[in-house]
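One file, start28.csv, carrying CSV, C-alpha atoms:
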```
chain,number,residue,atom,x,y,z
A,248,MET,CA,67.9,-26.7,52.4
A,249,ASP,CA,67.1,-27.9,48.9
A,250,SER,CA,67.5,-31.5,47.6
A,251,SER,CA,70.5,-30.5,45.5
A,252,PHE,CA,72.6,-30.2,48.6
A,253,TRP,CA,72.1,-33.8,49.6
A,254,ARG,CA,72.9,-35.0,46.1
A,255,SER,CA,76.1,-32.9,45.8
A,256,GLY,CA,78.2,-34.6,48.5
A,257,HIS,CA,78.5,-37.7,50.7
A,258,THR,CA,76.0,-37.7,53.5
A,259,PRO,CA,77.5,-40.5,55.6
A,260,THR,CA,80.8,-38.7,55.7
A,261,LEU,CA,79.1,-35.5,56.5
A,262,PHE,CA,77.3,-37.0,59.5
A,263,CYS,CA,80.5,-38.9,60.6
A,264,SER,CA,82.2,-35.5,60.6
A,265,PHE,CA,79.5,-34.1,62.7
A,266,LEU,CA,79.6,-36.9,65.2
A,267,TYR,CA,83.4,-36.9,65.4
A,268,PHE,CA,83.4,-33.1,66.0
A,269,ASP,CA,80.5,-33.4,68.5
A,270,LEU,CA,82.0,-36.0,70.8
A,271,SER,CA,85.5,-34.5,70.4
A,272,PHE,CA,84.1,-31.1,71.6
A,273,MET,CA,82.4,-32.9,74.5
A,274,VAL,CA,85.7,-34.2,75.9
A,275,TRP,CA,87.6,-31.1,74.8
A,276,TYR,CA,85.3,-29.1,77.0
A,277,LEU,CA,85.1,-31.6,79.8
A,278,LEU,CA,87.1,-29.7,82.4
A,279,GLY,CA,84.9,-26.6,82.1
A,280,PRO,CA,81.6,-27.9,83.6
A,281,MET,CA,83.6,-29.7,86.4
A,282,GLN,CA,85.9,-26.8,87.2
A,283,VAL,CA,84.3,-26.0,90.5
A,284,GLN,CA,84.6,-29.6,91.8
A,285,ILE,CA,88.1,-30.0,90.4
A,286,ALA,CA,89.2,-26.6,91.8
A,287,THR,CA,87.8,-27.5,95.2
A,288,SER,CA,89.5,-30.9,95.2
A,289,LEU,CA,92.9,-29.6,94.0
A,290,GLU,CA,92.7,-26.3,96.0
A,291,LEU,CA,93.0,-24.1,93.0
A,292,SER,CA,92.7,-20.3,92.9
A,293,THR,CA,90.3,-18.5,90.6
A,294,GLN,CA,93.2,-17.6,88.2
A,295,ALA,CA,94.5,-21.2,88.3
A,296,ARG,CA,91.0,-22.5,87.6
A,297,GLY,CA,90.7,-20.2,84.6
A,298,LEU,CA,94.1,-21.4,83.3
A,299,MET,CA,93.0,-25.0,83.8
A,300,VAL,CA,89.8,-24.6,81.6
A,301,ALA,CA,91.7,-22.5,79.0
A,302,THR,CA,94.6,-25.0,78.5
A,303,PRO,CA,92.7,-27.5,76.4
A,304,ILE,CA,91.5,-24.6,74.2
A,305,LEU,CA,95.1,-23.3,73.6
A,306,ALA,CA,96.4,-26.9,73.1
A,307,GLY,CA,93.7,-27.6,70.6
A,308,ALA,CA,94.4,-24.3,68.7
A,309,ILE,CA,98.1,-25.1,68.3
A,310,LEU,CA,97.6,-28.8,67.5
A,311,ARG,CA,95.1,-28.0,64.7
A,312,VAL,CA,98.0,-26.9,62.4
A,313,PHE,CA,99.9,-30.2,63.1
A,314,MET,CA,96.7,-32.3,62.7
A,315,GLY,CA,96.1,-30.5,59.4
A,316,LEU,CA,99.6,-31.4,58.2
A,317,PHE,CA,99.2,-35.0,59.4
A,318,ALA,CA,95.9,-35.4,57.7
A,319,ASP,CA,97.4,-34.3,54.4
A,320,ARG,CA,100.0,-37.1,54.6
A,321,VAL,CA,97.9,-40.0,55.9
A,322,GLY,CA,94.4,-38.9,54.8
A,323,THR,CA,91.8,-37.1,56.8
A,324,LYS,CA,90.0,-40.3,57.9
A,325,ARG,CA,93.2,-41.9,59.2
A,326,ALA,CA,94.1,-38.7,61.0
A,327,GLY,CA,90.7,-38.7,62.7
A,328,LEU,CA,91.2,-42.3,63.8
A,329,PHE,CA,94.6,-41.5,65.3
A,330,GLY,CA,93.2,-38.5,67.2
A,331,GLN,CA,90.3,-40.4,68.6
A,332,LEU,CA,92.6,-43.2,69.8
A,333,LEU,CA,95.0,-40.8,71.5
A,334,VAL,CA,92.2,-39.0,73.4
A,335,ILE,CA,90.6,-42.3,74.5
A,336,ALA,CA,94.0,-43.4,75.8
A,337,ALA,CA,94.6,-40.2,77.7
A,338,LEU,CA,91.1,-40.4,79.4
A,339,ILE,CA,91.7,-44.0,80.4
A,340,CYS,CA,95.0,-43.1,82.0
A,341,ALA,CA,93.4,-40.2,83.9
A,342,TRP,CA,90.6,-42.4,85.1
A,343,GLN,CA,92.9,-45.3,86.1
A,344,PHE,CA,95.8,-43.4,87.7
A,345,GLY,CA,93.9,-40.3,88.9
A,346,ILE,CA,94.7,-36.6,88.8
A,347,HIS,CA,96.4,-35.3,92.0
A,348,SER,CA,97.9,-32.0,91.2
A,349,PHE,CA,97.6,-28.8,89.1
A,350,ALA,CA,100.4,-29.9,86.8
A,351,GLN,CA,98.6,-33.2,86.1
A,352,ILE,CA,95.3,-31.6,85.3
A,353,LEU,CA,97.1,-29.2,82.9
A,354,LEU,CA,98.8,-32.2,81.2
A,355,LEU,CA,95.5,-33.8,80.7
A,356,GLY,CA,94.2,-30.5,79.3
A,357,VAL,CA,97.0,-30.7,76.7
A,358,PHE,CA,95.9,-34.2,75.6
A,359,LEU,CA,92.3,-33.1,75.5
A,360,GLY,CA,93.5,-30.4,73.1
A,361,VAL,CA,93.9,-33.3,70.6
A,362,ALA,CA,90.1,-33.5,70.7
A,363,GLY,CA,89.9,-29.8,69.9
A,364,ALA,CA,92.3,-30.3,67.0
A,365,SER,CA,89.5,-32.5,65.4
A,366,PHE,CA,88.5,-29.2,63.8
A,367,ALA,CA,91.4,-29.5,61.3
A,368,VAL,CA,90.2,-33.0,60.3
A,369,ALA,CA,86.4,-33.0,60.6
A,370,LEU,CA,85.7,-29.8,58.6
A,371,PRO,CA,88.0,-30.7,55.6
A,372,LEU,CA,86.7,-34.3,55.6
A,373,ALA,CA,83.2,-32.9,55.0
A,374,SER,CA,84.1,-29.8,53.0
A,375,ARG,CA,86.0,-31.6,50.2
A,376,TRP,CA,82.8,-33.4,49.2
A,377,TYR,CA,80.8,-30.2,48.5
A,378,PRO,CA,80.8,-27.5,45.8
A,379,PRO,CA,81.2,-23.8,46.7
A,380,GLN,CA,77.5,-23.0,46.6
A,381,HIS,CA,76.9,-25.5,49.4
A,382,GLN,CA,79.9,-24.8,51.6
A,383,GLY,CA,78.1,-22.7,54.1
A,384,THR,CA,75.5,-25.4,54.7
A,385,ALA,CA,78.0,-28.3,54.7
A,386,MET,CA,80.5,-26.6,57.0
A,387,GLY,CA,77.6,-25.5,59.2
A,388,ILE,CA,76.3,-29.0,59.7
A,389,ALA,CA,79.8,-30.5,60.3
A,390,GLY,CA,80.7,-27.5,62.6
A,391,ALA,CA,77.5,-27.9,64.6
A,392,GLY,CA,79.5,-30.6,66.4
A,393,ASN,CA,80.4,-27.9,68.9
A,394,SER,CA,77.1,-28.9,70.4
A,395,GLY,CA,79.1,-31.6,72.2
A,396,THR,CA,79.8,-28.9,74.8
A,397,VAL,CA,76.1,-29.1,75.7
A,398,LEU,CA,76.4,-32.8,76.6
A,399,ALA,CA,79.4,-32.1,78.8
A,400,ALA,CA,77.7,-29.1,80.5
A,401,LEU,CA,74.5,-31.0,81.2
A,402,LEU,CA,76.0,-34.4,82.3
A,403,ALA,CA,79.5,-33.8,83.6
A,404,PRO,CA,78.5,-31.9,86.8
A,405,ILE,CA,75.8,-34.4,87.7
A,406,LEU,CA,78.0,-37.4,87.1
A,407,ALA,CA,80.9,-35.7,89.0
A,408,THR,CA,78.7,-35.1,92.0
A,409,ALA,CA,77.3,-38.7,92.0
A,410,LEU,CA,80.4,-40.7,91.1
A,411,GLY,CA,83.4,-38.4,91.5
A,412,TRP,CA,84.9,-36.1,88.9
A,413,GLN,CA,87.7,-38.5,88.1
A,414,ASN,CA,85.3,-41.3,87.1
A,415,VAL,CA,83.8,-39.0,84.5
A,416,PHE,CA,86.9,-39.5,82.4
A,417,GLY,CA,86.3,-43.2,82.2
A,418,LEU,CA,82.6,-42.8,81.4
A,419,ALA,CA,83.4,-40.4,78.6
A,420,CYS,CA,85.3,-43.2,76.8
A,421,ILE,CA,82.0,-45.2,76.2
A,422,PRO,CA,80.5,-42.9,73.5
A,423,LEU,CA,84.0,-42.3,72.1
A,424,VAL,CA,84.5,-46.0,71.5
A,425,LEU,CA,81.1,-46.2,69.8
A,426,LEU,CA,82.0,-43.3,67.6
A,427,LEU,CA,85.3,-44.9,66.7
A,428,VAL,CA,83.3,-47.9,65.3
A,429,ILE,CA,80.8,-45.8,63.3
A,430,TYR,CA,83.5,-43.5,62.0
A,431,THR,CA,85.7,-46.4,60.9
A,432,ARG,CA,82.8,-48.0,59.0
A,433,TYR,CA,81.1,-45.0,57.3
A,434,ALA,CA,83.5,-42.1,56.9
A,435,LYS,CA,85.3,-41.8,53.5
A,436,ASP,CA,87.9,-39.4,52.1
A,437,ALA,CA,86.7,-37.4,49.1
A,438,PRO,CA,88.0,-38.6,45.7
A,439,GLY,CA,90.7,-36.7,44.0
A,440,ASP,CA,94.2,-35.6,44.8
A,441,PHE,CA,94.8,-32.9,47.4
A,442,LYS,CA,98.0,-30.9,47.6
A,443,GLN,CA,100.0,-31.7,50.7
A,444,LYS,CA,100.6,-28.7,53.0
A,445,HIS,CA,103.9,-27.7,54.5
A,446,PHE,CA,104.9,-25.2,57.2
A,447,MET,CA,106.0,-22.8,54.5
A,448,ASP,CA,102.5,-22.9,53.1
A,449,TYR,CA,101.2,-21.6,56.3
A,450,ALA,CA,103.9,-18.9,56.4
A,451,ARG,CA,103.0,-18.0,52.8
A,452,MET,CA,99.3,-17.6,53.7
A,453,LEU,CA,100.2,-15.3,56.6
A,454,GLY,CA,101.6,-12.9,54.0
A,455,ASP,CA,98.0,-12.4,52.8
A,456,ARG,CA,96.2,-9.7,54.8
A,457,ASP,CA,92.9,-11.3,54.2
A,458,ALA,CA,94.1,-14.3,56.1
A,459,TRP,CA,94.7,-12.1,59.2
A,460,TRP,CA,91.3,-10.6,58.9
A,461,PHE,CA,89.6,-14.0,58.9
A,462,MET,CA,91.7,-15.1,61.8
A,463,PHE,CA,90.7,-12.0,63.7
A,464,PHE,CA,87.0,-12.4,62.9
A,465,TYR,CA,87.0,-16.1,63.9
A,466,ALA,CA,89.0,-15.3,67.1
A,467,LEU,CA,86.0,-13.2,68.1
A,468,THR,CA,83.2,-15.5,67.1
A,469,PHE,CA,84.6,-18.9,67.9
A,470,GLY,CA,86.9,-17.5,70.6
A,471,GLY,CA,83.9,-15.9,72.2
A,472,PHE,CA,81.9,-19.1,71.9
A,473,SER,CA,84.5,-21.5,73.3
A,474,GLY,CA,85.9,-19.1,75.8
A,475,PHE,CA,82.5,-18.4,77.4
A,476,ALA,CA,81.5,-22.0,77.2
A,477,SER,CA,84.5,-22.8,79.4
A,478,ALA,CA,84.2,-19.8,81.7
A,479,LEU,CA,80.5,-19.6,82.3
A,480,PRO,CA,80.2,-22.4,84.8
A,481,GLY,CA,82.7,-20.6,87.0
A,482,TYR,CA,81.0,-17.2,86.3
A,483,PHE,CA,77.5,-18.4,87.3
A,484,HIS,CA,79.0,-20.1,90.4
A,485,ASP,CA,81.1,-17.1,91.5
A,486,GLN,CA,78.7,-14.3,90.5
A,487,PHE,CA,75.3,-15.7,91.5
A,488,GLY,CA,76.2,-18.6,93.8
A,489,PHE,CA,74.9,-21.4,91.5
A,490,ASP,CA,75.9,-24.9,92.6
A,491,PRO,CA,77.9,-26.9,90.0
A,492,LYS,CA,74.8,-28.7,88.6
A,493,THR,CA,72.8,-25.5,88.2
A,494,ALA,CA,75.8,-23.7,86.7
A,495,GLY,CA,76.2,-26.5,84.2
A,496,TRP,CA,72.6,-26.4,83.2
A,497,ALA,CA,72.7,-22.6,82.7
A,498,THR,CA,75.8,-22.9,80.6
A,499,ALA,CA,74.3,-25.8,78.6
A,500,ALA,CA,71.4,-23.5,77.7
A,501,CYS,CA,73.9,-20.9,76.4
A,502,VAL,CA,76.0,-23.4,74.6
A,503,PHE,CA,73.0,-25.1,73.0
A,504,ALA,CA,71.9,-21.8,71.6
A,505,GLY,CA,75.3,-21.1,70.0
A,506,SER,CA,75.6,-24.7,68.6
A,507,VAL,CA,72.1,-24.6,67.0
A,508,MET,CA,72.9,-21.3,65.4
A,509,ARG,CA,76.1,-22.5,63.7
A,510,PRO,CA,74.5,-24.4,60.8
A,511,LEU,CA,71.7,-21.9,60.6
A,512,GLY,CA,74.3,-19.2,60.5
A,513,GLY,CA,75.9,-20.9,57.5
A,514,VAL,CA,72.5,-21.2,55.7
A,515,LEU,CA,71.7,-17.6,56.5
A,516,ALA,CA,75.0,-16.5,55.2
A,517,ASP,CA,74.5,-18.5,52.0
A,518,ARG,CA,71.2,-16.5,51.6
A,519,ILE,CA,72.0,-12.9,52.5
A,520,GLY,CA,75.8,-12.8,52.5
A,521,GLY,CA,78.5,-13.6,55.0
A,522,THR,CA,79.5,-10.0,55.7
A,523,LYS,CA,76.0,-8.8,56.4
A,524,SER,CA,75.6,-11.7,58.9
A,525,LEU,CA,78.9,-10.9,60.6
A,526,LEU,CA,78.2,-7.2,60.9
A,527,ALA,CA,74.9,-8.0,62.7
A,528,VAL,CA,76.7,-10.6,64.9
A,529,TYR,CA,79.4,-8.2,66.1
A,530,ALA,CA,77.0,-5.3,66.8
A,531,ALA,CA,74.6,-7.5,68.7
A,532,SER,CA,77.4,-9.3,70.6
A,533,ALA,CA,79.0,-6.0,71.7
A,534,LEU,CA,75.6,-4.8,73.0
A,535,LEU,CA,74.7,-8.0,74.8
A,536,ILE,CA,78.0,-8.8,76.5
A,537,GLY,CA,78.5,-5.1,77.3
A,538,THR,CA,75.1,-5.1,79.1
A,539,ALA,CA,76.0,-8.4,80.9
A,540,GLY,CA,78.9,-6.6,82.4
A,541,PHE,CA,76.5,-4.4,84.4
A,542,HIS,CA,74.8,-7.5,85.8
A,543,VAL,CA,71.5,-6.2,84.7
A,544,GLY,CA,68.5,-8.3,86.0
A,545,GLY,CA,70.6,-10.5,88.3
A,546,SER,CA,71.1,-14.2,87.4
A,547,ILE,CA,68.0,-14.4,85.1
A,548,GLY,CA,69.0,-11.3,83.2
A,549,ALA,CA,72.6,-12.6,82.8
A,550,LEU,CA,71.4,-16.0,81.6
A,551,LEU,CA,69.1,-14.4,79.0
A,552,LEU,CA,71.9,-12.0,77.8
A,553,PHE,CA,74.4,-14.9,77.4
A,554,ILE,CA,71.9,-17.1,75.6
A,555,LEU,CA,71.3,-14.3,73.1
A,556,ALA,CA,75.0,-13.5,72.8
A,557,MET,CA,75.9,-17.2,72.2
A,558,LEU,CA,73.1,-17.3,69.5
A,559,CYS,CA,74.9,-14.5,67.8
A,560,LEU,CA,78.4,-16.0,68.1
A,561,GLY,CA,77.2,-19.3,66.8
A,562,ALA,CA,75.7,-17.7,63.8
A,563,GLY,CA,79.0,-15.8,63.3
A,564,ASN,CA,81.0,-19.1,63.3
A,565,GLY,CA,78.8,-20.3,60.4
A,566,ALA,CA,79.1,-17.0,58.6
A,567,VAL,CA,82.9,-16.9,58.7
A,568,PHE,CA,83.2,-20.4,57.2
A,569,GLN,CA,80.7,-19.5,54.5
A,570,LEU,CA,83.1,-16.8,53.4
A,571,VAL,CA,86.4,-18.7,53.7
A,572,PRO,CA,85.9,-21.1,50.7
A,573,GLN,CA,84.9,-18.1,48.5
A,574,ARG,CA,88.1,-16.3,49.2
A,575,PHE,CA,90.5,-19.2,49.7
A,576,ASN,CA,89.0,-22.0,47.7
A,577,LYS,CA,92.3,-23.6,46.7
A,578,GLU,CA,93.8,-23.1,50.1
A,579,ILE,CA,90.8,-24.2,52.2
A,580,SER,CA,92.6,-26.8,54.3
A,581,ILE,CA,95.5,-24.4,55.1
A,582,MET,CA,93.1,-21.6,56.0
A,583,THR,CA,90.9,-24.0,58.1
A,584,GLY,CA,94.0,-24.7,60.2
A,585,LEU,CA,95.0,-21.1,60.6
A,586,ILE,CA,91.6,-19.8,61.3
A,587,GLY,CA,90.8,-22.6,63.6
A,588,MET,CA,94.0,-22.0,65.5
A,589,ALA,CA,93.1,-18.3,65.8
A,590,GLY,CA,89.7,-19.2,67.1
A,591,GLY,CA,91.2,-21.4,69.8
A,592,VAL,CA,93.8,-18.8,70.8
A,593,GLY,CA,90.9,-16.3,71.2
A,594,GLY,CA,89.0,-18.8,73.4
A,595,PHE,CA,92.1,-19.4,75.5
A,596,ALA,CA,92.7,-15.7,75.9
A,597,LEU,CA,89.0,-15.1,76.9
A,598,ALA,CA,88.7,-17.9,79.4
A,599,ALA,CA,92.1,-17.3,81.0
A,600,SER,CA,91.7,-13.5,81.2
A,601,LEU,CA,88.2,-13.7,82.8
A,602,GLY,CA,89.7,-15.8,85.6
A,603,ALA,CA,92.6,-13.5,86.0
A,604,ILE,CA,90.5,-10.4,86.0
A,605,LYS,CA,88.0,-11.9,88.5
A,606,GLN,CA,90.8,-12.7,90.9
A,607,ALA,CA,92.5,-9.3,90.5
A,608,THR,CA,89.3,-7.1,90.7
A,609,GLY,CA,86.8,-9.4,92.5
A,610,ASP,CA,84.4,-9.0,89.5
A,611,TYR,CA,83.9,-10.2,85.9
A,612,SER,CA,82.7,-6.8,84.6
A,613,ILE,CA,86.0,-5.5,83.1
A,614,GLY,CA,86.6,-8.8,81.3
A,615,LEU,CA,83.1,-8.7,79.8
A,616,TRP,CA,83.4,-5.1,78.7
A,617,LEU,CA,86.8,-5.8,77.1
A,618,PHE,CA,85.2,-8.5,75.0
A,619,ALA,CA,82.3,-6.2,74.0
A,620,PHE,CA,84.9,-3.6,73.0
A,621,LEU,CA,86.7,-6.1,70.8
A,622,ALA,CA,83.4,-7.1,69.2
A,623,ALA,CA,82.8,-3.5,68.3
A,624,VAL,CA,86.3,-3.3,66.8
A,625,GLY,CA,85.3,-6.4,64.7
A,626,TRP,CA,82.3,-4.5,63.4
A,627,VAL,CA,84.3,-1.5,62.5
A,628,SER,CA,87.0,-3.6,60.9
A,629,LEU,CA,84.6,-5.6,58.8
A,630,SER,CA,82.8,-2.5,57.7
A,631,GLY,CA,86.2,-1.2,56.4
A,632,VAL,CA,87.2,-4.3,54.4
A,633,LYS,CA,83.9,-5.4,53.0
A,634,GLU,CA,83.9,-3.1,50.0
A,635,ARG,CA,87.4,-4.2,49.0
A,636,TRP,CA,86.3,-7.8,49.2
A,637,ARG,CA,83.3,-7.2,47.0
A,638,ASN,CA,85.5,-5.5,44.4
A,639,SER,CA,88.3,-8.0,44.4
A,640,TRP,CA,86.8,-11.4,45.0
A,641,SER,CA,86.0,-13.5,41.9
A,642,VAL,CA,83.9,-16.3,43.4
A,643,ALA,CA,80.2,-16.2,44.4
A,644,MET,CA,80.2,-12.4,44.7
A,645,ALA,CA,76.5,-12.3,45.4
A,646,ARG,CA,76.9,-14.2,48.6
A,647,VAL,CA,79.6,-11.9,50.1
```
Just give me the structure as structure tokens.
Amino acid sequence: MDSSFWRSGHTPTLFCSFLYFDLSFMVWYLLGPMQVQIATSLELSTQARGLMVATPILAGAILRVFMGLFADRVGTKRAGLFGQLLVIAALICAWQFGIHSFAQILLLGVFLGVAGASFAVALPLASRWYPPQHQGTAMGIAGAGNSGTVLAALLAPILATALGWQNVFGLACIPLVLLLVIYTRYAKDAPGDFKQKHFMDYARMLGDRDAWWFMFFYALTFGGFSGFASALPGYFHDQFGFDPKTAGWATAACVFAGSVMRPLGGVLADRIGGTKSLLAVYAASALLIGTAGFHVGGSIGALLLFILAMLCLGAGNGAVFQLVPQRFNKEISIMTGLIGMAGGVGGFALAASLGAIKQATGDYSIGLWLFAFLAAVGWVSLSGVKERWRNSWSVAMARV
């Protein structure tokens, strides 16, 4: 990372974007690491447990579009402040009044989706400060905030065991309030005028076939990352008998690997090209997840396979967003919303389907093989469109 990168943008805003994204992802993912304790307390089935952890992902996916529209009208910084306050209020209510039913935990999941919608604020807040040649690095650093899932996976099960899972909602507000103070003080909107988006702008972008390709590719990489991050605590518990704390630690190792690789994936894509990176990601992910479906090597083998798979998916997240500004430089905020929504929908589908398949078949294998097949489809699809992209794109061709 050369010195020109740090001179080209606004470093305080970049790191505020990272912190906002990081802690937002922590609370967005909060139900996943505690799913065993919550499911036991509320007497939930495996399928209901899967739907519970998938609900914040879906809510975050849908709300990203609305947060993007809101940010255009009030400014990205103000939209971020509003989102943080709403999430803090929801967590305080859950802590003070308690969660006593499946419907109530799903409602909380919808509000936690607001934290997931931070994607539509944090990334444009950082991206607008940086030129095209540094977009992969800038978006990778800001996007590395998905490492917040590591904090939740490590700490939430331990705190839930020691203090009760409902009290974890109150404890989560402490870092969120500290973030609110830092964000208010140091984050700044980039100078210049930015065109306001409307629903018709999203509809217009959906008429571009490249938009659908990017949505599909990110549904695989980020959908795989977020879906497995939410489902793995239950997977390790059901498949190998891990207690909640051990399942959380195993998941944290997997999520940490993917989070670290996101910014590195952006840097790598800047160096060798986004399509080359993604092709490697899809091939490796298909092989690794497909092998995991055979439960090779028991719990240790599964853990190693998922760590490697999440490394690949994290790199893929960075690679996708290295390519997006090159193809959609003038529509970056619209495409960020659409692609982020697609990633969330992919994560919801993965987490919910793994729970449903486990309950129907008694095993996770079919769900894992299905994802491996889709990753292989991603490889074939990208192989088919990359030549057209190279021939038609007019920005930063050498990095495609």
TODO: Do a neighbour search on range 538-544 of chain A at 9 Å with all atoms listed in the file, toss out local chain neighbours closer than 4 positions, and write the hits as a ChimeraX atom specification.
DONE: /A:533-534,548-550,552-553,611-616,619
Open item on the list: Would you compute the distance between CA of Thr431 in chain A and CA of Leu328 in chain A? Give it in Å to one decimal.
Closed with: 7.4 Å
For the interface of range 375-451 of chain A with range 281-295 of chain A (cut-off 12 Å, counting all atoms listed in the file), please tabulate each contacting residue of range 375-451 of chain A alongside its nearest pair of atoms and their separation in Å to one decimal, rows sorted by chain and increasing number, as a Markdown table.
```
| residue | atom | partner | partner_atom | distance |
| --- | --- | --- | --- | --- |
| A:Ala399 | CA | A:Met281 | CA | 9.0 |
| A:Ala400 | CA | A:Met281 | CA | 8.4 |
| A:Leu401 | CA | A:Met281 | CA | 10.6 |
| A:Leu402 | CA | A:Met281 | CA | 9.8 |
| A:Ala403 | CA | A:Met281 | CA | 6.4 |
| A:Pro404 | CA | A:Met281 | CA | 5.6 |
| A:Ile405 | CA | A:Met281 | CA | 9.2 |
| A:Leu406 | CA | A:Met281 | CA | 9.5 |
| A:Ala407 | CA | A:Met281 | CA | 7.1 |
| A:Thr408 | CA | A:Gln284 | CA | 8.1 |
| A:Ala409 | CA | A:Gln284 | CA | 11.7 |
| A:Leu410 | CA | A:Gln284 | CA | 11.9 |
| A:Gly411 | CA | A:Gln284 | CA | 8.9 |
| A:Trp412 | CA | A:Met281 | CA | 7.0 |
| A:Gln413 | CA | A:Ile285 | CA | 8.8 |
| A:Asn414 | CA | A:Met281 | CA | 11.7 |
| A:Val415 | CA | A:Met281 | CA | 9.5 |
| A:Phe416 | CA | A:Met281 | CA | 11.1 |
```
- [ ] May I ask for the distance between CA of Ala364 in chain A and CA of Gln331 in chain A, given in Å to one decimal place?
- [x]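 Those two atoms sit 10.4 Å apart.
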Where does range 311-351 of chain A meet range 442-456 of chain A within 12 Å, residue by residue, with the nearest atom pair and distance in Å to one decimal for each, counting all atoms listed in the file, listed by chain and rising number, as a tab-separated table?
```
residue	atom	partner	partner_atom	distance
A:Val312	CA	A:Tyr449	CA	8.7
A:Phe313	CA	A:Phe446	CA	9.2
A:Met314	CA	A:Lys444	CA	11.1
A:Gly315	CA	A:Lys444	CA	8.0
A:Leu316	CA	A:Lys444	CA	5.9
A:Phe317	CA	A:Lys444	CA	9.1
A:Ala318	CA	A:Gln443	CA	8.9
A:Asp319	CA	A:Gln443	CA	5.2
A:Arg320	CA	A:Gln443	CA	6.7
A:Val321	CA	A:Gln443	CA	10.0
A:Gly322	CA	A:Gln443	CA	10.0
A:Thr323	CA	A:Gln443	CA	11.6
```
TODO: Point out the residue among A:Trp342, A:Phe464, A:Trp253, A:Phe268 with the least atom-to-atom distance to Leu526 in chain A, counting only C-alpha atoms.
DONE: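 Closest candidate: A:Phe464.
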Just want the 10 Å neighbourhood of Asp490 in chain A, counted on all atoms listed in the file, with same-chain residues fewer than 4 positions away dropped. Output as a PDB file with C-alpha atoms, in the coordinates of the input.
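As a result, result-v6.pdb now contains:
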```
ATOM      1  CA  VAL A 283      84.300 -26.000  90.500  1.00  0.00           C
ATOM      2  CA  GLN A 284      84.600 -29.600  91.800  1.00  0.00           C
ATOM      3  CA  PRO A 404      78.500 -31.900  86.800  1.00  0.00           C
ATOM      4  CA  PRO A 480      80.200 -22.400  84.800  1.00  0.00           C
ATOM      5  CA  GLY A 481      82.700 -20.600  87.000  1.00  0.00           C
ATOM      6  CA  PHE A 483      77.500 -18.400  87.300  1.00  0.00           C
ATOM      7  CA  HIS A 484      79.000 -20.100  90.400  1.00  0.00           C
ATOM      8  CA  ASP A 485      81.100 -17.100  91.500  1.00  0.00           C
ATOM      9  CA  ALA A 494      75.800 -23.700  86.700  1.00  0.00           C
ATOM     10  CA  GLY A 495      76.200 -26.500  84.200  1.00  0.00           C
TER      11      GLY A 495
END
```
Open item on the list: Report, in Å with one decimal, the straight-line distance from CA of Ala373 in chain A to CA of Asn564 in chain A.
Closed with: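 So the two atoms, CA of Ala373 in chain A and CA of Asn564 in chain A, lie 16.3 Å apart.
Excluding Gly563 in chain A itself and any same-chain residue fewer than 2 positions from it, the protein and nucleic acid residues within 6 Å of it, counting all atoms listed in the file, are Thr468, Leu525, Val528, Leu560, Gly561, Gly565 and Ala566 of chain A.
Proximity of A:Val334, A:Ser506, A:Leu418, A:Gly470 to Phe265 in chain A, computed with only C-alpha atoms, is greatest for A:Ser506.
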Open item on the list: Considering all atoms listed in the file, can you say which of A:Cys559, A:Leu601, A:Leu355, A:Ala622 comes closest to Ala306 in chain A?
Closed with: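 Result for the nearest residue to Ala306 in chain A: A:Leu355.
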Open item on the list: Taking 5 positions as the minimum chain separation for residues in the same chain, which residues sit within 12 Å of Asp269 in chain A when counting only C-alpha atoms? Answer as a count of residues only.
Closed with: 28
Open item on the list: Neighbouring residues of Tyr482 in chain A were defined as those with any atom within 10 Å, considering all atoms listed in the file; residues of the same chain fewer than 5 positions away were excluded. Please report them as a ChimeraX atom specification.
Closed with: /A:475,477,487-489,494,498,601-602,605,610-611
TODO: Could you tell me which of A:Leu266, A:Ala478, A:Ile335, A:Leu261 comes closest to Pro280 in chain A if we count only C-alpha atoms?
DONE: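 Checking each candidate against Pro280 in chain A, we get A:Ala478 as the closest.
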- [ ] Using only C-alpha atoms, find the one residue out of A:Ala499, A:Ala598, A:Ala385, A:Ala504 that sits nearest to Gly471 in chain A.
- [x]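 Of the candidates, the smallest distance to Gly471 in chain A is held by A:Ala598.
Compared by their closest atoms to Arg296 in chain A, and using only C-alpha atoms, the residues A:Met462, A:Ala419, A:Ala599, A:Ile547 rank with A:Ala599 nearest.
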Tell me which residues come within 10 Å of (84.6, -13.1, 55.3), as a short mmCIF file (atom, residue, chain, number, x, y, z; two decimals) with C-alpha atoms, in the coordinates of the input, counting only C-alpha atoms in the file's coordinates.
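Once written, part.cif looks like this:
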```cif
data_model
loop_
_atom_site.label_atom_id
_atom_site.label_comp_id
_atom_site.auth_asym_id
_atom_site.auth_seq_id
_atom_site.Cartn_x
_atom_site.Cartn_y
_atom_site.Cartn_z
CA ASP A 457 92.90 -11.30 54.20
CA ALA A 458 94.10 -14.30 56.10
CA TRP A 460 91.30 -10.60 58.90
CA PHE A 461 89.60 -14.00 58.90
CA MET A 462 91.70 -15.10 61.80
CA PHE A 464 87.00 -12.40 62.90
CA TYR A 465 87.00 -16.10 63.90
CA GLY A 520 75.80 -12.80 52.50
CA GLY A 521 78.50 -13.60 55.00
CA THR A 522 79.50 -10.00 55.70
CA LYS A 523 76.00 -8.80 56.40
CA SER A 524 75.60 -11.70 58.90
CA LEU A 525 78.90 -10.90 60.60
CA ALA A 566 79.10 -17.00 58.60
CA VAL A 567 82.90 -16.90 58.70
CA PHE A 568 83.20 -20.40 57.20
CA GLN A 569 80.70 -19.50 54.50
CA LEU A 570 83.10 -16.80 53.40
CA VAL A 571 86.40 -18.70 53.70
CA PRO A 572 85.90 -21.10 50.70
CA GLN A 573 84.90 -18.10 48.50
CA ARG A 574 88.10 -16.30 49.20
CA LEU A 629 84.60 -5.60 58.80
CA VAL A 632 87.20 -4.30 54.40
CA LYS A 633 83.90 -5.40 53.00
CA TRP A 636 86.30 -7.80 49.20
CA VAL A 647 79.60 -11.90 50.10
#
```
